[in-house]
$ cat upload-v1.cif   # mmCIF, N, CA and C atoms and all ligand atoms
data_run
loop_
_atom_site.label_atom_id
_atom_site.label_comp_id
_atom_site.auth_asym_id
_atom_site.auth_seq_id
_atom_site.Cartn_x
_atom_site.Cartn_y
_atom_site.Cartn_z
N MET N 15 -5.76 -15.37 4.49
CA MET N 15 -5.20 -14.05 4.78
C MET N 15 -5.93 -13.02 3.91
N PRO N 16 -6.43 -11.96 4.52
CA PRO N 16 -7.15 -10.95 3.73
C PRO N 16 -6.20 -10.19 2.80
N ILE N 17 -6.72 -9.82 1.66
CA ILE N 17 -5.92 -9.05 0.70
C ILE N 17 -6.14 -7.57 0.98
N LYS N 18 -5.04 -6.85 1.20
CA LYS N 18 -5.14 -5.41 1.41
C LYS N 18 -4.92 -4.72 0.08
N LYS N 19 -5.70 -3.70 -0.17
CA LYS N 19 -5.51 -2.92 -1.40
C LYS N 19 -4.93 -1.56 -1.04
N PHE N 20 -3.93 -1.14 -1.81
CA PHE N 20 -3.31 0.15 -1.60
C PHE N 20 -3.38 0.95 -2.90
N PRO N 21 -3.59 2.27 -2.81
CA PRO N 21 -3.58 3.08 -4.03
C PRO N 21 -2.22 3.02 -4.72
N ALA N 22 -2.22 3.19 -6.04
CA ALA N 22 -0.98 3.10 -6.83
C ALA N 22 0.08 4.08 -6.37
N ILE N 23 -0.35 5.28 -5.93
CA ILE N 23 0.66 6.29 -5.57
C ILE N 23 1.12 6.16 -4.13
N SER N 24 0.50 5.29 -3.33
CA SER N 24 0.96 5.16 -1.95
C SER N 24 2.22 4.30 -1.92
N ASP N 25 2.89 4.33 -0.78
CA ASP N 25 4.14 3.61 -0.60
C ASP N 25 3.95 2.66 0.58
N ALA N 26 3.42 1.48 0.27
CA ALA N 26 2.98 0.56 1.32
C ALA N 26 4.11 0.12 2.26
N ASP N 27 5.33 -0.03 1.73
CA ASP N 27 6.42 -0.54 2.57
C ASP N 27 7.37 0.56 3.05
N GLY N 28 7.07 1.82 2.68
CA GLY N 28 7.85 2.94 3.20
C GLY N 28 9.29 3.02 2.70
N ASP N 29 9.56 2.50 1.49
CA ASP N 29 10.93 2.58 0.96
C ASP N 29 11.12 3.76 0.00
N ASP N 30 10.15 4.70 0.00
CA ASP N 30 10.18 5.91 -0.83
C ASP N 30 9.94 5.65 -2.31
N ILE N 31 9.51 4.44 -2.66
CA ILE N 31 9.16 4.11 -4.05
C ILE N 31 7.68 3.74 -4.06
N SER N 32 6.88 4.44 -4.87
CA SER N 32 5.44 4.20 -4.87
C SER N 32 5.10 2.80 -5.37
N ASN N 33 3.91 2.35 -5.00
CA ASN N 33 3.46 1.01 -5.40
C ASN N 33 3.50 0.84 -6.92
N ILE N 34 3.04 1.84 -7.67
CA ILE N 34 2.98 1.70 -9.14
C ILE N 34 4.40 1.58 -9.71
N LEU N 35 5.33 2.36 -9.15
CA LEU N 35 6.72 2.26 -9.63
C LEU N 35 7.30 0.89 -9.30
N GLU N 36 7.06 0.42 -8.09
CA GLU N 36 7.60 -0.89 -7.71
C GLU N 36 7.05 -1.98 -8.63
N TYR N 37 5.77 -1.90 -8.94
CA TYR N 37 5.19 -2.91 -9.82
C TYR N 37 5.84 -2.85 -11.22
N GLY N 38 5.95 -1.65 -11.75
CA GLY N 38 6.53 -1.48 -13.08
C GLY N 38 7.99 -1.86 -13.16
N LEU N 39 8.70 -1.71 -12.03
CA LEU N 39 10.13 -2.01 -12.01
C LEU N 39 10.41 -3.45 -11.59
N GLY N 40 9.37 -4.12 -11.09
CA GLY N 40 9.53 -5.52 -10.71
C GLY N 40 10.07 -5.72 -9.30
N THR N 41 9.97 -4.69 -8.44
CA THR N 41 10.37 -4.87 -7.04
C THR N 41 9.10 -5.08 -6.20
N ALA N 42 9.28 -5.56 -4.97
CA ALA N 42 8.13 -5.91 -4.13
C ALA N 42 7.60 -4.69 -3.39
N PRO N 43 6.34 -4.32 -3.63
CA PRO N 43 5.76 -3.15 -2.96
C PRO N 43 5.48 -3.37 -1.48
N ASN N 44 5.64 -4.61 -1.01
CA ASN N 44 5.39 -4.90 0.41
C ASN N 44 6.67 -5.31 1.14
N ASN N 45 7.82 -4.98 0.56
CA ASN N 45 9.10 -5.33 1.17
C ASN N 45 10.07 -4.16 0.97
N ALA N 46 10.34 -3.44 2.06
CA ALA N 46 11.18 -2.24 1.98
C ALA N 46 12.62 -2.57 1.57
N ALA N 47 13.06 -3.82 1.81
CA ALA N 47 14.43 -4.19 1.45
C ALA N 47 14.57 -4.43 -0.05
N ASP N 48 13.43 -4.63 -0.73
CA ASP N 48 13.46 -4.86 -2.17
C ASP N 48 13.03 -3.58 -2.87
N ARG N 49 14.02 -2.81 -3.32
CA ARG N 49 13.74 -1.55 -3.98
C ARG N 49 14.74 -1.36 -5.11
N PRO N 50 14.38 -0.55 -6.13
CA PRO N 50 15.29 -0.37 -7.26
C PRO N 50 16.50 0.47 -6.87
N ALA N 51 17.53 0.39 -7.69
CA ALA N 51 18.67 1.29 -7.51
C ALA N 51 18.14 2.71 -7.56
N SER N 52 18.81 3.62 -6.89
CA SER N 52 18.33 4.99 -6.77
C SER N 52 17.97 5.60 -8.11
N PRO N 53 16.75 6.16 -8.21
CA PRO N 53 16.37 6.84 -9.45
C PRO N 53 17.32 7.97 -9.82
N ASP N 54 18.10 8.48 -8.85
CA ASP N 54 19.08 9.52 -9.18
C ASP N 54 20.07 9.01 -10.23
N GLY N 55 20.30 7.71 -10.25
CA GLY N 55 21.23 7.13 -11.20
C GLY N 55 20.63 6.84 -12.57
N TRP N 56 19.36 7.14 -12.75
CA TRP N 56 18.70 6.87 -14.03
C TRP N 56 19.05 7.91 -15.08
N HIS N 57 19.38 9.14 -14.62
CA HIS N 57 19.72 10.19 -15.58
C HIS N 57 21.11 9.96 -16.14
N ARG N 58 21.27 10.28 -17.40
CA ARG N 58 22.60 10.18 -17.99
C ARG N 58 22.64 11.06 -19.23
N MET N 59 23.84 11.21 -19.74
CA MET N 59 24.05 11.99 -20.95
C MET N 59 24.06 11.03 -22.13
N GLY N 60 23.31 11.37 -23.17
CA GLY N 60 23.30 10.53 -24.36
C GLY N 60 23.83 11.28 -25.56
N ARG N 61 24.42 10.56 -26.48
CA ARG N 61 24.93 11.18 -27.71
C ARG N 61 23.98 10.86 -28.84
N GLY N 62 23.42 11.90 -29.46
CA GLY N 62 22.48 11.69 -30.55
C GLY N 62 23.19 11.35 -31.84
N PRO N 63 22.45 10.90 -32.86
CA PRO N 63 23.04 10.59 -34.16
C PRO N 63 23.69 11.81 -34.80
N ASP N 64 23.30 13.00 -34.33
CA ASP N 64 23.88 14.24 -34.87
C ASP N 64 25.16 14.64 -34.13
N GLY N 65 25.59 13.79 -33.17
CA GLY N 65 26.83 14.08 -32.44
C GLY N 65 26.64 15.02 -31.26
N LYS N 66 25.43 15.50 -31.05
CA LYS N 66 25.17 16.41 -29.92
C LYS N 66 24.80 15.61 -28.67
N ASP N 67 24.91 16.26 -27.51
CA ASP N 67 24.60 15.61 -26.24
C ASP N 67 23.16 15.90 -25.82
N TYR N 68 22.51 14.88 -25.28
CA TYR N 68 21.12 15.00 -24.86
C TYR N 68 20.94 14.36 -23.49
N LEU N 69 19.99 14.90 -22.72
CA LEU N 69 19.62 14.26 -21.46
C LEU N 69 18.86 12.98 -21.76
N GLU N 70 19.15 11.96 -20.99
CA GLU N 70 18.43 10.70 -21.11
C GLU N 70 18.04 10.21 -19.72
N ILE N 71 16.97 9.42 -19.68
CA ILE N 71 16.60 8.68 -18.47
C ILE N 71 16.46 7.23 -18.88
N ARG N 72 17.22 6.38 -18.19
CA ARG N 72 17.12 4.93 -18.43
C ARG N 72 16.38 4.31 -17.26
N VAL N 73 15.17 3.84 -17.53
CA VAL N 73 14.30 3.28 -16.50
C VAL N 73 14.43 1.75 -16.53
N PRO N 74 14.85 1.13 -15.43
CA PRO N 74 15.00 -0.33 -15.40
C PRO N 74 13.65 -1.01 -15.21
N ARG N 75 12.72 -0.70 -16.09
CA ARG N 75 11.36 -1.20 -15.93
C ARG N 75 11.20 -2.54 -16.66
N ARG N 76 10.17 -3.26 -16.24
CA ARG N 76 9.85 -4.53 -16.88
C ARG N 76 8.72 -4.31 -17.88
N ARG N 77 8.99 -4.65 -19.13
CA ARG N 77 8.00 -4.40 -20.18
C ARG N 77 6.75 -5.26 -20.00
N ASP N 78 6.88 -6.41 -19.30
CA ASP N 78 5.71 -7.28 -19.15
C ASP N 78 4.73 -6.78 -18.10
N ARG N 79 5.06 -5.71 -17.40
CA ARG N 79 4.14 -5.14 -16.42
C ARG N 79 3.27 -4.08 -17.10
N GLN N 80 2.06 -3.93 -16.62
CA GLN N 80 1.11 -3.02 -17.26
C GLN N 80 1.28 -1.59 -16.76
N VAL N 81 2.52 -1.12 -16.79
CA VAL N 81 2.79 0.26 -16.39
C VAL N 81 3.50 0.96 -17.54
N GLN N 82 2.97 2.12 -17.92
CA GLN N 82 3.53 2.87 -19.03
C GLN N 82 4.38 4.02 -18.50
N PHE N 83 5.62 4.10 -18.98
CA PHE N 83 6.52 5.17 -18.56
C PHE N 83 6.66 6.16 -19.72
N SER N 84 6.55 7.44 -19.41
CA SER N 84 6.73 8.46 -20.44
C SER N 84 7.63 9.56 -19.89
N GLY N 85 8.34 10.22 -20.78
CA GLY N 85 9.27 11.27 -20.36
C GLY N 85 8.66 12.65 -20.49
N GLU N 86 9.10 13.55 -19.62
CA GLU N 86 8.70 14.95 -19.68
C GLU N 86 9.96 15.81 -19.54
N VAL N 87 9.98 16.92 -20.27
CA VAL N 87 11.16 17.79 -20.25
C VAL N 87 10.74 19.24 -19.99
N SER N 88 11.70 20.02 -19.51
CA SER N 88 11.41 21.42 -19.19
C SER N 88 12.71 22.22 -19.12
N ASN N 89 12.60 23.51 -19.44
CA ASN N 89 13.70 24.45 -19.19
C ASN N 89 13.59 25.00 -17.78
N ASP N 90 12.34 25.03 -17.27
CA ASP N 90 12.07 25.58 -15.96
C ASP N 90 10.84 24.89 -15.39
N PRO N 91 11.03 23.92 -14.49
CA PRO N 91 9.89 23.16 -13.97
C PRO N 91 8.78 24.03 -13.38
N GLU N 92 9.12 25.23 -12.91
CA GLU N 92 8.06 26.08 -12.37
C GLU N 92 7.15 26.61 -13.47
N GLN N 93 7.63 26.59 -14.72
CA GLN N 93 6.82 27.04 -15.85
C GLN N 93 6.09 25.88 -16.53
N GLY N 94 6.33 24.67 -16.06
CA GLY N 94 5.62 23.51 -16.61
C GLY N 94 6.52 22.56 -17.38
N TRP N 95 5.94 21.43 -17.76
CA TRP N 95 6.65 20.36 -18.44
C TRP N 95 5.99 20.07 -19.77
N THR N 96 6.76 19.59 -20.73
CA THR N 96 6.19 19.15 -22.00
C THR N 96 6.53 17.69 -22.21
N SER N 97 5.68 17.01 -22.96
CA SER N 97 5.89 15.59 -23.20
C SER N 97 5.41 15.24 -24.60
N GLY N 98 5.54 14.00 -24.97
CA GLY N 98 5.08 13.55 -26.28
C GLY N 98 6.24 13.41 -27.25
N THR N 99 5.93 12.84 -28.43
CA THR N 99 6.98 12.50 -29.39
C THR N 99 7.66 13.73 -30.00
N ASN N 100 7.06 14.91 -29.86
CA ASN N 100 7.74 16.12 -30.34
C ASN N 100 8.88 16.55 -29.42
N HIS N 101 8.86 16.03 -28.20
CA HIS N 101 9.82 16.48 -27.19
C HIS N 101 10.73 15.38 -26.66
N VAL N 102 10.25 14.13 -26.71
CA VAL N 102 11.00 13.03 -26.12
C VAL N 102 11.03 11.85 -27.09
N ASP N 103 12.23 11.29 -27.27
CA ASP N 103 12.42 10.10 -28.11
C ASP N 103 12.60 8.87 -27.25
N LYS N 104 12.12 7.73 -27.76
CA LYS N 104 12.39 6.45 -27.11
C LYS N 104 13.60 5.86 -27.84
N VAL N 105 14.72 5.71 -27.14
CA VAL N 105 15.93 5.23 -27.82
C VAL N 105 16.30 3.80 -27.43
N GLU N 106 15.66 3.24 -26.41
CA GLU N 106 15.88 1.84 -26.03
C GLU N 106 14.58 1.32 -25.45
N ASP N 107 14.15 0.15 -25.90
CA ASP N 107 12.91 -0.43 -25.39
C ASP N 107 13.08 -1.95 -25.38
N THR N 108 13.69 -2.45 -24.31
CA THR N 108 13.93 -3.88 -24.19
C THR N 108 13.04 -4.44 -23.09
N ALA N 109 13.13 -5.73 -22.85
CA ALA N 109 12.28 -6.38 -21.84
C ALA N 109 12.51 -5.80 -20.45
N ASP N 110 13.74 -5.33 -20.18
CA ASP N 110 14.02 -4.86 -18.82
C ASP N 110 14.54 -3.42 -18.73
N ALA N 111 14.42 -2.65 -19.78
CA ALA N 111 14.82 -1.25 -19.70
C ALA N 111 14.15 -0.41 -20.78
N LEU N 112 13.90 0.85 -20.41
CA LEU N 112 13.36 1.83 -21.34
C LEU N 112 14.22 3.08 -21.22
N THR N 113 14.79 3.54 -22.34
CA THR N 113 15.58 4.76 -22.29
C THR N 113 14.89 5.83 -23.11
N LEU N 114 14.66 6.98 -22.47
CA LEU N 114 14.01 8.11 -23.11
C LEU N 114 15.03 9.23 -23.24
N ARG N 115 15.00 9.94 -24.39
CA ARG N 115 15.97 11.01 -24.65
C ARG N 115 15.24 12.30 -24.97
N ASP N 116 15.68 13.37 -24.33
CA ASP N 116 15.19 14.70 -24.63
C ASP N 116 15.52 15.01 -26.10
N LYS N 117 14.62 15.68 -26.81
CA LYS N 117 14.89 16.02 -28.22
C LYS N 117 15.61 17.36 -28.37
N THR N 118 15.76 18.07 -27.25
CA THR N 118 16.48 19.34 -27.30
C THR N 118 17.90 19.12 -26.81
N PRO N 119 18.90 19.40 -27.66
CA PRO N 119 20.28 19.18 -27.22
C PRO N 119 20.61 20.02 -26.00
N ILE N 120 21.49 19.50 -25.17
CA ILE N 120 21.94 20.23 -23.98
C ILE N 120 22.62 21.52 -24.43
N GLY N 121 22.23 22.62 -23.82
CA GLY N 121 22.86 23.90 -24.12
C GLY N 121 22.15 24.71 -25.19
N GLU N 122 21.12 24.13 -25.86
CA GLU N 122 20.44 24.87 -26.92
C GLU N 122 19.17 25.57 -26.46
N ALA N 123 18.76 25.32 -25.22
CA ALA N 123 17.51 25.93 -24.75
C ALA N 123 17.73 26.65 -23.43
N GLY N 124 18.88 27.28 -23.28
CA GLY N 124 19.18 27.96 -22.03
C GLY N 124 20.21 27.21 -21.24
N ASN N 125 20.41 27.66 -20.02
CA ASN N 125 21.47 27.09 -19.20
C ASN N 125 21.09 25.81 -18.49
N GLN N 126 19.78 25.58 -18.36
CA GLN N 126 19.35 24.41 -17.60
C GLN N 126 18.35 23.60 -18.40
N ARG N 127 18.36 22.31 -18.16
CA ARG N 127 17.39 21.42 -18.79
C ARG N 127 17.04 20.36 -17.76
N PHE N 128 15.76 20.03 -17.69
CA PHE N 128 15.26 19.07 -16.71
C PHE N 128 14.51 17.96 -17.43
N MET N 129 14.58 16.76 -16.88
CA MET N 129 13.85 15.63 -17.45
C MET N 129 13.35 14.76 -16.31
N ARG N 130 12.14 14.25 -16.47
CA ARG N 130 11.57 13.35 -15.47
C ARG N 130 10.73 12.30 -16.18
N VAL N 131 10.41 11.26 -15.45
CA VAL N 131 9.61 10.19 -16.02
C VAL N 131 8.30 10.07 -15.25
N ASN N 132 7.25 9.75 -15.98
CA ASN N 132 5.92 9.64 -15.44
C ASN N 132 5.47 8.20 -15.60
N ALA N 133 4.88 7.63 -14.57
CA ALA N 133 4.39 6.25 -14.64
C ALA N 133 2.88 6.24 -14.52
N THR N 134 2.21 5.55 -15.45
CA THR N 134 0.76 5.41 -15.39
C THR N 134 0.40 3.96 -15.65
N VAL N 135 -0.71 3.53 -15.11
CA VAL N 135 -1.17 2.17 -15.36
C VAL N 135 -1.69 2.11 -16.79
N ALA N 136 -1.15 1.18 -17.56
CA ALA N 136 -1.56 1.05 -18.96
C ALA N 136 -3.02 0.61 -19.03
N PRO N 137 -3.76 1.13 -20.02
CA PRO N 137 -5.17 0.76 -20.14
C PRO N 137 -5.36 -0.71 -20.52
CA CA V 1 7.45 1.15 -1.79
CA CA V 2 9.80 -2.23 -2.02
#

$ encode --input "upload-v1.cif" --output "structure tokens" --more "lines below"
Ligand SMILES: [Ca+2]
Ligand SMILES: [Ca+2]
Amino acid sequence: MPIKKFPAISDADGDDISNILEYGLGTAPNNAADRPASPDGWHRMGRGPDGKDYLEIRVPRRRDRQVQFSGEVSNDPEQGWTSGTNHVDKVEDTADALTLRDKTPIGEAGNQRFMRVNATVAP
């Protein structure tokens, strides 16, 4: 059987989850019935050591896959996103989950705060 190659950002099985995400999450990129729980459920509120509330994203990713997940935050996505350790903390890093936390408490940078996760193939 010939091996088909698909770009990382394409969605070979049409389940709305890209090939790179499926690989990093451990679901099958060639089976639409095998997909992760809705990414809408990944966002949550976290309580920092200072007692303040922070946006968090808990990614049910598999650490043994060569996909790196990083967080990005913004007050206004139309004005751009920021990332890196000055803006996002890693608060959980286990074999099957990664939780990233915004470093700006909710309510301290305006009325809205946005967070997203970026997936890249690890070098
Ligand atoms: Ca897919
Ligand atoms: Ca799939």

$ closest_atom_pairs --input "upload-v1.cif" --of "chain N" --to "ligand CA 1 (chain V)" --cutoff "6 Å" --atoms "all atoms listed in the file" --output "JSON lines"
{"residue": "N:Asp25", "atom": "CA", "partner": "V:CA1", "partner_atom": "CA", "distance": 4.3}
{"residue": "N:Ala26", "atom": "N", "partner": "V:CA1", "partner_atom": "CA", "distance": 4.5}
{"residue": "N:Asp27", "atom": "N", "partner": "V:CA1", "partner_atom": "CA", "distance": 4.3}
{"residue": "N:Gly28", "atom": "N", "partner": "V:CA1", "partner_atom": "CA", "distance": 4.5}
{"residue": "N:Asp29", "atom": "N", "partner": "V:CA1", "partner_atom": "CA", "distance": 4.1}
{"residue": "N:Asp30", "atom": "N", "partner": "V:CA1", "partner_atom": "CA", "distance": 4.8}
{"residue": "N:Ile31", "atom": "C", "partner": "V:CA1", "partner_atom": "CA", "distance": 3.5}
{"residue": "N:Ser32", "atom": "N", "partner": "V:CA1", "partner_atom": "CA", "distance": 4.5}
{"residue": "N:Asn33", "atom": "N", "partner": "V:CA1", "partner_atom": "CA", "distance": 4.9}
{"residue": "N:Pro43", "atom": "CA", "partner": "V:CA1", "partner_atom": "CA", "distance": 4.8}

$ select_by_dssp --input "upload-v1.cif" --residues "chain N" --states "strand (DSSP E or B)" --output "PyMOL selection string"
chain N and resi 57-61+67-73+81-88+96-97+102-108+111-116+128-135

$ residues_near_ligand --input "upload-v1.cif" --ligand "ligand CA 2 (chain V)" --cutoff "6 Å" --atoms "only C-alpha atoms and all ligand atoms" --output "compact mmCIF listing (two decimals) with N, CA and C atoms, in the frame of the given file"
# COMPACT_ATOMS: atom_id res chain seq x y z
N ASP N 27 5.33 -0.03 1.73
CA ASP N 27 6.42 -0.54 2.57
C ASP N 27 7.37 0.56 3.05
N ASP N 29 9.56 2.50 1.49
CA ASP N 29 10.93 2.58 0.96
C ASP N 29 11.12 3.76 0.00
N THR N 41 9.97 -4.69 -8.44
CA THR N 41 10.37 -4.87 -7.04
C THR N 41 9.10 -5.08 -6.20
N ALA N 42 9.28 -5.56 -4.97
CA ALA N 42 8.13 -5.91 -4.13
C ALA N 42 7.60 -4.69 -3.39
N PRO N 43 6.34 -4.32 -3.63
CA PRO N 43 5.76 -3.15 -2.96
C PRO N 43 5.48 -3.37 -1.48
N ASN N 44 5.64 -4.61 -1.01
CA ASN N 44 5.39 -4.90 0.41
C ASN N 44 6.67 -5.31 1.14
N ASN N 45 7.82 -4.98 0.56
CA ASN N 45 9.10 -5.33 1.17
C ASN N 45 10.07 -4.16 0.97
N ALA N 46 10.34 -3.44 2.06
CA ALA N 46 11.18 -2.24 1.98
C ALA N 46 12.62 -2.57 1.57
N ASP N 48 13.43 -4.63 -0.73
CA ASP N 48 13.46 -4.86 -2.17
C ASP N 48 13.03 -3.58 -2.87
N ARG N 49 14.02 -2.81 -3.32
CA ARG N 49 13.74 -1.55 -3.98
C ARG N 49 14.74 -1.36 -5.11

$ select_by_dssp --input "upload-v1.cif" --residues "range 19-132 of chain N" --states "helix (DSSP H, G or I)" --output "number ranges by chain"
N: 33-39, 53-56, 91-93

$ atom_distance --input "upload-v1.cif" --atom1 "CA of Trp56 in chain N" --atom2 "CA of Ala111 in chain N"
10.6 Å

$ atom_distance --input "upload-v1.cif" --atom1 "atom N of Tyr68 in chain N" --atom2 "CA of Asp90 in chain N"
17.6 Å

$ decode --input "upload-v1.cif" --residues "range 18-48 of chain N" --atoms "N, CA and C atoms" --output "compact mmCIF listing (two decimals), in the first residue's frame"
# COMPACT_ATOMS: atom_id res chain seq x y z
N LYS N 18 0.81 7.80 1.78
CA LYS N 18 0.46 9.16 1.37
C LYS N 18 1.04 10.11 2.40
N LYS N 19 1.57 11.21 1.92
CA LYS N 19 2.08 12.24 2.84
C LYS N 19 1.16 13.44 2.80
N PHE N 20 0.85 13.97 3.98
CA PHE N 20 0.00 15.14 4.09
C PHE N 20 0.75 16.22 4.87
N PRO N 21 0.58 17.49 4.50
CA PRO N 21 1.21 18.55 5.29
C PRO N 21 0.68 18.57 6.72
N ALA N 22 1.52 19.03 7.65
CA ALA N 22 1.15 19.05 9.07
C ALA N 22 -0.13 19.84 9.34
N ILE N 23 -0.34 20.93 8.58
CA ILE N 23 -1.50 21.77 8.87
C ILE N 23 -2.76 21.29 8.17
N SER N 24 -2.65 20.30 7.28
CA SER N 24 -3.87 19.84 6.62
C SER N 24 -4.65 18.92 7.56
N ASP N 25 -5.88 18.66 7.19
CA ASP N 25 -6.77 17.84 8.00
C ASP N 25 -7.21 16.66 7.14
N ALA N 26 -6.40 15.62 7.15
CA ALA N 26 -6.58 14.51 6.21
C ALA N 26 -7.93 13.81 6.36
N ASP N 27 -8.45 13.70 7.59
CA ASP N 27 -9.69 12.95 7.79
C ASP N 27 -10.92 13.86 7.95
N GLY N 28 -10.71 15.19 7.86
CA GLY N 28 -11.84 16.11 7.87
C GLY N 28 -12.57 16.22 9.20
N ASP N 29 -11.88 15.97 10.33
CA ASP N 29 -12.55 16.09 11.63
C ASP N 29 -12.29 17.44 12.30
N ASP N 30 -11.77 18.41 11.52
CA ASP N 30 -11.49 19.78 11.99
C ASP N 30 -10.28 19.87 12.92
N ILE N 31 -9.51 18.79 13.04
CA ILE N 31 -8.28 18.81 13.84
C ILE N 31 -7.12 18.54 12.89
N SER N 32 -6.14 19.46 12.85
CA SER N 32 -5.04 19.31 11.89
C SER N 32 -4.19 18.07 12.19
N ASN N 33 -3.48 17.62 11.18
CA ASN N 33 -2.62 16.44 11.33
C ASN N 33 -1.62 16.61 12.47
N ILE N 34 -0.99 17.78 12.58
CA ILE N 34 0.04 17.98 13.62
C ILE N 34 -0.60 17.91 15.01
N LEU N 35 -1.80 18.49 15.14
CA LEU N 35 -2.48 18.42 16.44
C LEU N 35 -2.85 16.97 16.77
N GLU N 36 -3.37 16.26 15.80
CA GLU N 36 -3.76 14.87 16.05
C GLU N 36 -2.54 14.05 16.48
N TYR N 37 -1.42 14.27 15.83
CA TYR N 37 -0.22 13.52 16.20
C TYR N 37 0.20 13.86 17.64
N GLY N 38 0.24 15.14 17.94
CA GLY N 38 0.65 15.57 19.28
C GLY N 38 -0.29 15.14 20.38
N LEU N 39 -1.57 14.99 20.03
CA LEU N 39 -2.58 14.61 21.02
C LEU N 39 -2.77 13.10 21.09
N GLY N 40 -2.20 12.39 20.11
CA GLY N 40 -2.30 10.93 20.12
C GLY N 40 -3.57 10.38 19.50
N THR N 41 -4.27 11.20 18.68
CA THR N 41 -5.44 10.69 17.96
C THR N 41 -5.02 10.36 16.53
N ALA N 42 -5.86 9.61 15.82
CA ALA N 42 -5.51 9.15 14.47
C ALA N 42 -5.84 10.20 13.43
N PRO N 43 -4.84 10.68 12.69
CA PRO N 43 -5.08 11.70 11.67
C PRO N 43 -5.80 11.17 10.43
N ASN N 44 -5.98 9.85 10.36
CA ASN N 44 -6.67 9.26 9.20
C ASN N 44 -8.00 8.62 9.60
N ASN N 45 -8.53 9.01 10.76
CA ASN N 45 -9.80 8.46 11.24
C ASN N 45 -10.60 9.58 11.89
N ALA N 46 -11.66 10.02 11.19
CA ALA N 46 -12.45 11.16 11.68
C ALA N 46 -13.17 10.85 12.99
N ALA N 47 -13.41 9.54 13.28
CA ALA N 47 -14.10 9.19 14.51
C ALA N 47 -13.17 9.29 15.72
N ASP N 48 -11.86 9.31 15.46
CA ASP N 48 -10.89 9.41 16.55
C ASP N 48 -10.37 10.84 16.60
